[in-house]
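Below is one structure, written out as structure tokens, with a few remarks after it.
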Amino acid sequence: MDSIIEQQRQNHEEIERFERALYTLLSRHQPTHESRLLNEHKSAQVLDRISSRVTALDNIYAEDDVRQAEINLLSAPQQQNDLSEFYSRLVKIQEHHSKYPDATPGGFDLELAALLEEGNQDDEEQEEEDPIALMFSGEEAYGKYVDLYTNHTAYNNLKGIGKRPGYLQYLDILMLASKGPVHEELSKETRLTKDYESYIKNLHAYLLSFSRRTQPLVDIDAQQREAEAEFETKWEAGDIPGWEEAKPKTQTSNGEAGGIWCTACQKNYSKQTVYDAHLTSKKHIKATAKQAASDAPPTNPNGTSTPHAASVPQQSPANSRLRMAAFFTHLTTSLLVSLALIINETKSNVERRFSLTAREREQELLDQSKPATQPVNSSGQAGEGEEEEEEERIYNPLKLPLGWDGKPIPYWLYKLHGLGVEYRCEICSDHVYMGRKNFDRHFQESRHAFGMRAMGLPNTKHFHEITRIADALALAEKLKQEGRHEIFENETMEELEDDEGNVYNRKTYEDLKKQGLI
């Protein structure tokens with residue numbers, strides 16, 4: 001489109017229609033996590049299109065000369081009815097449509113309709129080609145949890161970390177970022193290694209990618225730029241917690257403040273005398289010649305050849321590594337603070353999966369692989385399905401449990417089994433069981449068994465009916481003491497037989513033997 005004024009009008013129209021589409025997307029009710037995340041990604045795409053149109057419109061308004069020339073062409077001279085420009089443009093339009101008769105001008109309408117289209121969950125092909133689902137791994141479960149198993153392995157491979165934590169303990173370590181910098185528990189020597197630098201970079205890259213995928217409407221890059229500016233300010237002031245002593249030292253000409261850095265040898269010398277002595281060594285001469293042959297910028301090793309070289313502080317590779325590790329540690333901490341809730345949910349999910357059997361895990365994977373079918377308001381058939389569902393709705397004001405036929409059980413049966421009585425188990429994390437039958441059954445279920453294993457106690461019949469942690473620990477201590485007492489009694493009450501076949505306990509046998517009666 002040649003007219004710059006027409007480009008302005010079209011951009012204004014598209015921006016307005018995109019804003020209406022954005023309002024429509026954000027006002028939709030999203031009952032599930034998957035639909036909410038899909039809707040947010042569509043909204044982010046609309047925002048990107050609005051931003052591109054606004055940028056193009058701003059560039060057009062900046063070209064005042066071109067706009068004025070276009071207006072002059074469209075304006076007829078004073079006291080004349082000159083429509084030559086109008087007819088020339090009309091001819092161009094007619095020629096275009098005659099040359100491309102099948103061209104449809106509804107490309108924008110199709111794009112907008114695709115963004116506003118609601119997903120049809122009955123279409124299996126669309127489920128398989130869901131672009132949002134392809135962005136997450138199976139462990140991430142459509143962005144509900146984080147997948148830090150690779151980072152956990154890299155953390156355990158660091159030198160000097162002492163006892164290697166499990167995955168749950170590693171998640172607890174990351175959750176401590178809300179109270180201070182992440183990995184404060186590591187020693188300074190460990191954090192200054194190259195392996196830690198590689199580990200923290202990979203951790204930051206994953207958390208940044210996960211945040212962008214799960215929060216498309218949040219400007220993560222702007223938050224990272226703010227964290228970078230905060231780091232620069234604190235680093236120059238030496239106010240980074242845990243890295244105060246790691247601030248790189250600047251070089252001076254006499255070498256008294258932070259040593260002298262030799263650019264040819266790539267080595268730092270703490271004293272001027274040591275630096276001067278190495279200038280005549282073969283290694284330094286060879287390194288200087290190699291640097292000159294590689295067209296490196298000429299610099300005097302003592303840093304006084306040019307004012308610019310003397311004024312710019314130089315950092316050794318070690319100091320540069322320290323600053324890089326501190327930089328990514330600071331950025332990672334800022335990301336972990338915003339992801340604390342998701343990490344906590346990840347920990348709960350891992351604990352739940354640990355308590356499941358192999359068959360239960362397989363069944364859970366099968367249930368997750370089956371797409372949830374919901375009626376779609378796209379035709380009359382969907383309306384008939386809704387009417388059938390309304391007919392099948394059951395009146396249940398007392399919220400009675402459902403029986404085998406899917407209907408509420410009778411109220412007398414509800415009272416007979418005591419399903420209105422609550423039984424709370426502290427070992428099961430204060431879980432409430434309704435009814436005595438469910439309460440008795442839960443002692444052999446995975447939730448209670450997991451709680452007993454967490455306390456280091458066996459889930460035997462001795463602990464049946466025990467629901468408090470303190471009572472379970474006290475009973476375990478009592479059983480240990482009784483076990484030792486029984487062993488002592490077995491030793492003292494040992495039975496012995498004499499030559500005639502008479503049986504005595506050990507004490508009586510020894511007394512009779514001393515008296516010579518045996």
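We label chains A, B, ... in the order they appear in the structure tokens, count residues from 1 in each chain, and number ligands from 1 in the order shown.
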Considering only C-alpha atoms, return as a PDB file with N, CA and C atoms, in the first residue's frame whatever protein or nucleic-acid residues lie within 9 Å of Ala154 (chain A), sequence-local ones (same chain, fewer than 6 positions apart) excluded.
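The new file around13.pdb reads:
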```
ATOM      1  N   ASP A 195      33.355 -25.042  37.903  1.00  0.00           N
ATOM      2  CA  ASP A 195      32.183 -25.912  37.872  1.00  0.00           C
ATOM      3  C   ASP A 195      30.960 -25.204  38.446  1.00  0.00           C
ATOM      4  N   TYR A 196      31.162 -24.432  39.514  1.00  0.00           N
ATOM      5  CA  TYR A 196      30.025 -23.694  40.084  1.00  0.00           C
ATOM      6  C   TYR A 196      29.531 -22.627  39.117  1.00  0.00           C
ATOM      7  N   TYR A 199      27.476 -24.363  36.606  1.00  0.00           N
ATOM      8  CA  TYR A 199      26.222 -24.823  37.217  1.00  0.00           C
ATOM      9  C   TYR A 199      25.230 -23.682  37.391  1.00  0.00           C
TER      10      TYR A 199
END
```
What's around region 469-486 of chain A at 10 Å? Count only C-alpha atoms, leave out sequence neighbours fewer than 5 positions away in its own chain, and write the answer as a PyMOL selection string. chain A and resi 425-429+451-452+455-458+462-464+491-492
Output file for the residues above (all heavy atoms, as a short mmCIF file (atom, residue, chain, number, x, y, z; two decimals), in the first residue's frame):
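Written file, selection-v8.cif:
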```
data_model
loop_
_atom_site.label_atom_id
_atom_site.label_comp_id
_atom_site.auth_asym_id
_atom_site.auth_seq_id
_atom_site.Cartn_x
_atom_site.Cartn_y
_atom_site.Cartn_z
N CYS A 425 -5.77 -37.47 61.50
CA CYS A 425 -4.53 -38.21 61.74
C CYS A 425 -3.36 -37.26 61.57
O CYS A 425 -3.12 -36.73 60.47
CB CYS A 425 -4.41 -39.40 60.78
SG CYS A 425 -2.91 -40.38 61.03
N GLU A 426 -2.64 -37.02 62.66
CA GLU A 426 -1.49 -36.11 62.61
C GLU A 426 -0.35 -36.72 61.81
O GLU A 426 0.43 -36.00 61.18
CB GLU A 426 -1.04 -35.79 64.04
CG GLU A 426 0.07 -34.74 64.11
CD GLU A 426 0.47 -34.44 65.54
OE1 GLU A 426 -0.16 -34.99 66.47
OE2 GLU A 426 1.42 -33.66 65.74
N ILE A 427 -0.22 -38.03 61.82
CA ILE A 427 0.86 -38.69 61.08
C ILE A 427 0.66 -38.50 59.58
O ILE A 427 1.63 -38.41 58.81
CB ILE A 427 0.90 -40.18 61.44
CG1 ILE A 427 1.21 -40.34 62.94
CG2 ILE A 427 1.94 -40.93 60.61
CD1 ILE A 427 1.19 -41.76 63.44
N CYS A 428 -0.58 -38.40 59.13
CA CYS A 428 -0.90 -38.18 57.71
C CYS A 428 -0.98 -36.70 57.37
O CYS A 428 -1.76 -36.30 56.49
CB CYS A 428 -2.20 -38.88 57.34
SG CYS A 428 -2.18 -40.67 57.57
N SER A 429 -0.22 -35.87 58.07
CA SER A 429 -0.21 -34.41 57.84
C SER A 429 -1.59 -33.82 58.10
O SER A 429 -2.10 -33.00 57.32
CB SER A 429 0.26 -34.09 56.41
OG SER A 429 1.55 -34.59 56.20
N GLY A 451 4.01 -41.55 56.14
CA GLY A 451 4.23 -40.78 57.35
C GLY A 451 5.00 -41.57 58.40
O GLY A 451 5.86 -41.00 59.11
N MET A 452 4.72 -42.86 58.52
CA MET A 452 5.47 -43.68 59.47
C MET A 452 6.92 -43.83 59.05
O MET A 452 7.84 -43.78 59.89
CB MET A 452 4.79 -45.05 59.59
CG MET A 452 3.40 -45.01 60.19
SD MET A 452 3.37 -44.50 61.92
CE MET A 452 4.14 -45.93 62.68
N MET A 455 9.07 -40.90 59.95
CA MET A 455 9.51 -40.86 61.36
C MET A 455 10.47 -41.99 61.69
O MET A 455 10.94 -42.09 62.83
CB MET A 455 8.28 -40.95 62.28
CG MET A 455 7.36 -39.75 62.19
SD MET A 455 6.06 -39.79 63.44
CE MET A 455 5.18 -41.28 62.97
N GLY A 456 10.74 -42.87 60.73
CA GLY A 456 11.65 -43.98 60.98
C GLY A 456 11.03 -45.10 61.77
O GLY A 456 11.74 -45.83 62.47
N LEU A 457 9.71 -45.27 61.69
CA LEU A 457 9.00 -46.29 62.45
C LEU A 457 8.36 -47.30 61.51
O LEU A 457 7.94 -46.94 60.40
CB LEU A 457 7.91 -45.66 63.33
CG LEU A 457 8.38 -44.59 64.32
CD1 LEU A 457 7.18 -44.04 65.08
CD2 LEU A 457 9.39 -45.17 65.31
N PRO A 458 8.26 -48.56 61.91
CA PRO A 458 7.60 -49.56 61.06
C PRO A 458 6.08 -49.44 61.19
O PRO A 458 5.56 -49.14 62.28
CB PRO A 458 8.10 -50.89 61.62
CG PRO A 458 8.40 -50.59 63.06
CD PRO A 458 8.86 -49.16 63.13
N HIS A 462 1.24 -52.90 66.03
CA HIS A 462 1.39 -52.24 67.33
C HIS A 462 0.96 -50.78 67.28
O HIS A 462 0.52 -50.22 68.29
CB HIS A 462 2.84 -52.33 67.80
CG HIS A 462 3.36 -53.73 67.92
ND1 HIS A 462 3.95 -54.39 66.86
CD2 HIS A 462 3.36 -54.61 68.96
CE1 HIS A 462 4.30 -55.61 67.25
NE2 HIS A 462 3.97 -55.77 68.52
N PHE A 463 1.10 -50.15 66.10
CA PHE A 463 0.81 -48.72 65.99
C PHE A 463 -0.59 -48.47 65.43
O PHE A 463 -0.89 -47.34 65.01
CB PHE A 463 1.84 -48.06 65.06
CG PHE A 463 3.23 -48.09 65.61
CD1 PHE A 463 4.09 -49.14 65.27
CD2 PHE A 463 3.69 -47.11 66.46
CE1 PHE A 463 5.39 -49.18 65.77
CE2 PHE A 463 4.98 -47.14 66.96
CZ PHE A 463 5.83 -48.18 66.62
N HIS A 464 -1.43 -49.49 65.40
CA HIS A 464 -2.81 -49.30 64.95
C HIS A 464 -3.55 -48.42 65.94
O HIS A 464 -3.37 -48.54 67.16
CB HIS A 464 -3.51 -50.66 64.81
CG HIS A 464 -4.79 -50.58 64.04
ND1 HIS A 464 -4.84 -50.38 62.69
CD2 HIS A 464 -6.09 -50.66 64.46
CE1 HIS A 464 -6.09 -50.34 62.28
NE2 HIS A 464 -6.87 -50.52 63.35
N GLU A 491 17.34 -64.84 79.02
CA GLU A 491 18.66 -65.29 79.44
C GLU A 491 18.62 -65.86 80.85
O GLU A 491 19.29 -66.83 81.18
CB GLU A 491 19.65 -64.15 79.34
CG GLU A 491 19.94 -63.72 77.91
CD GLU A 491 20.89 -62.55 77.85
OE1 GLU A 491 21.21 -62.00 78.93
OE2 GLU A 491 21.31 -62.16 76.73
N THR A 492 17.84 -65.22 81.75
CA THR A 492 17.79 -65.66 83.14
C THR A 492 16.85 -66.85 83.34
O THR A 492 17.01 -67.61 84.29
CB THR A 492 17.35 -64.50 84.04
OG1 THR A 492 16.08 -64.01 83.58
CG2 THR A 492 18.36 -63.37 83.98
#
```
Could you tell me which of A:Asn459, A:Ser3, A:Asn349, A:Asn396 comes closest to Glu139 (chain A) if we count only C-alpha atoms? A:Asn349
Could you give me, as an mmCIF file with C-alpha atoms, in the first residue's frame, the residues within 10 Å of Arg49 (chain A), counting only C-alpha atoms and dropping anything in the same chain fewer than 6 positions from it?
```cif
data_model
loop_
_atom_site.group_PDB
_atom_site.id
_atom_site.type_symbol
_atom_site.label_atom_id
_atom_site.label_comp_id
_atom_site.auth_asym_id
_atom_site.auth_seq_id
_atom_site.Cartn_x
_atom_site.Cartn_y
_atom_site.Cartn_z
ATOM 1 C CA GLU A 14 -5.701 -2.944 13.594
ATOM 2 C CA ILE A 15 -4.514 -1.633 16.958
ATOM 3 C CA PHE A 18 -6.400 -6.075 18.628
ATOM 4 C CA SER A 43 -2.873 -12.699 24.874
ATOM 5 C CA THR A 55 6.255 0.956 16.488
#
```
Could you pull the residues within 12 Å of Ser27 (chain A), counting only C-alpha atoms, minus those fewer than 4 positions along the same chain, as a count of residues only? 9
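Considering the residues A:Trp243, A:Tyr170, A:Tyr423, A:Phe354 and counting only C-alpha atoms, Ala326 (chain A) has its shortest atom-to-atom contact with A:Trp243.
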Just the strand (DSSP E) stuff from region 408-467 of chain A, please, per backbone DSSP, written as a PyMOL selection string. chain A and resi 422-425+431-434
Keeping only C-alpha atoms, write the selected residues to a file as a compact mmCIF listing (two decimals), in the first residue's frame.
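Wrote selection_33.txt, looks like this:
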```txt
# COMPACT_ATOMS: atom_id res chain seq x y z
CA GLU A 422 -14.33 -36.62 61.34
CA TYR A 423 -11.19 -38.54 62.27
CA ARG A 424 -7.96 -36.55 62.06
CA CYS A 425 -4.53 -38.21 61.74
CA HIS A 431 -5.59 -35.38 56.96
CA VAL A 432 -9.27 -35.81 57.87
CA TYR A 433 -11.05 -39.13 57.27
CA MET A 434 -14.84 -39.26 57.22
```
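Nearest residue to Arg17 (chain A) among A:Leu57, A:Leu112, A:Ile71, A:Leu90 is A:Leu112, counting only C-alpha atoms.
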Write out as an mmCIF file with N, CA, C and O atoms, in the first residue's frame which residues come within 10 Å of region 60-64 of chain A when counting only C-alpha atoms, dropping same-chain ones fewer than 6 positions away.
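result.cif, written as the output of this step:
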```cif
data_model
loop_
_atom_site.group_PDB
_atom_site.id
_atom_site.type_symbol
_atom_site.label_atom_id
_atom_site.label_comp_id
_atom_site.auth_asym_id
_atom_site.auth_seq_id
_atom_site.Cartn_x
_atom_site.Cartn_y
_atom_site.Cartn_z
ATOM 1 N N ILE A 4 0.832 6.737 2.514
ATOM 2 C CA ILE A 4 1.262 6.714 3.909
ATOM 3 C C ILE A 4 0.095 7.015 4.845
ATOM 4 O O ILE A 4 0.039 6.522 5.978
ATOM 5 N N ILE A 5 -0.863 7.784 4.368
ATOM 6 C CA ILE A 5 -2.033 8.071 5.191
ATOM 7 C C ILE A 5 -2.898 6.823 5.346
ATOM 8 O O ILE A 5 -3.457 6.559 6.417
ATOM 9 N N GLN A 7 -1.726 3.799 5.333
ATOM 10 C CA GLN A 7 -0.993 2.957 6.280
ATOM 11 C C GLN A 7 -1.286 3.373 7.720
ATOM 12 O O GLN A 7 -1.464 2.519 8.597
ATOM 13 N N GLN A 8 -1.342 4.688 7.954
ATOM 14 C CA GLN A 8 -1.680 5.156 9.297
ATOM 15 C C GLN A 8 -3.084 4.704 9.691
ATOM 16 O O GLN A 8 -3.300 4.215 10.811
ATOM 17 N N VAL A 54 2.283 -0.328 16.863
ATOM 18 C CA VAL A 54 2.581 0.969 17.482
ATOM 19 C C VAL A 54 3.951 1.465 17.041
ATOM 20 O O VAL A 54 4.144 2.657 16.762
ATOM 21 N N GLU A 70 2.420 13.734 0.783
ATOM 22 C CA GLU A 70 1.230 12.950 0.436
ATOM 23 C C GLU A 70 -0.026 13.805 0.517
ATOM 24 O O GLU A 70 -0.914 13.722 -0.340
#
```
From A:Ser355, A:Gln272, A:Thr329, A:Asn505, residue lying nearest Leu192 (chain A) [only C-alpha atoms]: A:Thr329
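Compared by their closest atoms to Ile220 (chain A), and using only C-alpha atoms, the residues A:Leu365, A:Leu512, A:Ile518, A:Leu331 rank with A:Leu331 nearest.
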